[in-house]
Amino acid sequence: MTPDIDNSDLAKPIHVMIADFPNQLAQAIEVAVRQQSDMRYLGAIDANVTTQTGNLRFFQSIQSDVDVLILSAPQLFPLPGIFTHLLAEYKDLRILLVSETEEAACAYWMGINWKRLSSVSVASLITNIRFVANLNPMHEDKTDAT
């Protein structure tokens, strides 16, 4: 009989970066992510990705090992063009887009796949980070989450 082995510490942590959040909210997200044993906080980018200069600053700042990028943007749809390019280039990247104007978020992966998520709070972002990190990249689901 072999002893039960706890493999929870052996799993690769979810590497998380955030972009374009107001300072206070960015700090709250950082604290929440750092408290998770299965996540690693890689940093924040303040790039204003709605401008060409912001796009360049973003590309210079993003880390290659990021799994989930949480982005604050004025609207959920469409995803800013720079990110559709990123998703096409980096097949394992997931983007969690948080609306600045409504209490909702949207998960994007593999360039063309997305799923609208409801309820945006720091606590729900932690749940959503895990959700998007574990998405099956071949599953296309363009619906609202239930």
# chains A, B, ... in the order shown; residues from 1 in each chain; ligands from 1
call {"tool": "select_by_dssp", "arguments": {"residues": "range 85-128 of chain A", "states": "strand (DSSP E)", "output": "ChimeraX atom specification"}}
result
/A:94-99,104-109,113-118
call {"tool": "write_last_selection", "arguments": {"atoms": "C-alpha atoms", "output": "PDB file, in the first residue's frame"}}
result
ATOM      1  CA  ARG A  94      -5.357  34.135 -21.049  1.00  0.00           C
ATOM      2  CA  ILE A  95      -6.704  37.670 -20.706  1.00  0.00           C
ATOM      3  CA  LEU A  96      -9.229  38.636 -18.076  1.00  0.00           C
ATOM      4  CA  LEU A  97     -10.677  41.955 -19.248  1.00  0.00           C
ATOM      5  CA  VAL A  98     -12.449  43.959 -16.536  1.00  0.00           C
ATOM      6  CA  SER A  99     -14.833  46.697 -17.612  1.00  0.00           C
ATOM      7  CA  ALA A 104     -18.498  42.516 -15.499  1.00  0.00           C
ATOM      8  CA  ALA A 105     -15.435  40.836 -16.908  1.00  0.00           C
ATOM      9  CA  CYS A 106     -14.670  38.789 -19.979  1.00  0.00           C
ATOM     10  CA  ALA A 107     -12.155  35.989 -20.470  1.00  0.00           C
ATOM     11  CA  TYR A 108     -10.282  35.788 -23.783  1.00  0.00           C
ATOM     12  CA  TRP A 109      -7.995  33.014 -25.021  1.00  0.00           C
ATOM     13  CA  ASN A 113     -12.391  32.643 -27.913  1.00  0.00           C
ATOM     14  CA  TRP A 114     -14.132  34.530 -25.154  1.00  0.00           C
ATOM     15  CA  LYS A 115     -16.554  34.100 -22.277  1.00  0.00           C
ATOM     16  CA  ARG A 116     -18.320  36.908 -20.445  1.00  0.00           C
ATOM     17  CA  LEU A 117     -18.028  36.643 -16.668  1.00  0.00           C
ATOM     18  CA  SER A 118     -20.227  38.370 -14.137  1.00  0.00           C
TER      19      SER A 118
END
call {"tool": "atom_distance", "arguments": {"atom1": "CA of Leu125 in chain A", "atom2": "CA of Gln60 in chain A"}}
result
25.1 Å
call {"tool": "atom_distance", "arguments": {"atom1": "CA of Leu76 in chain A", "atom2": "CA of Lys12 in chain A"}}
result
28.9 Å
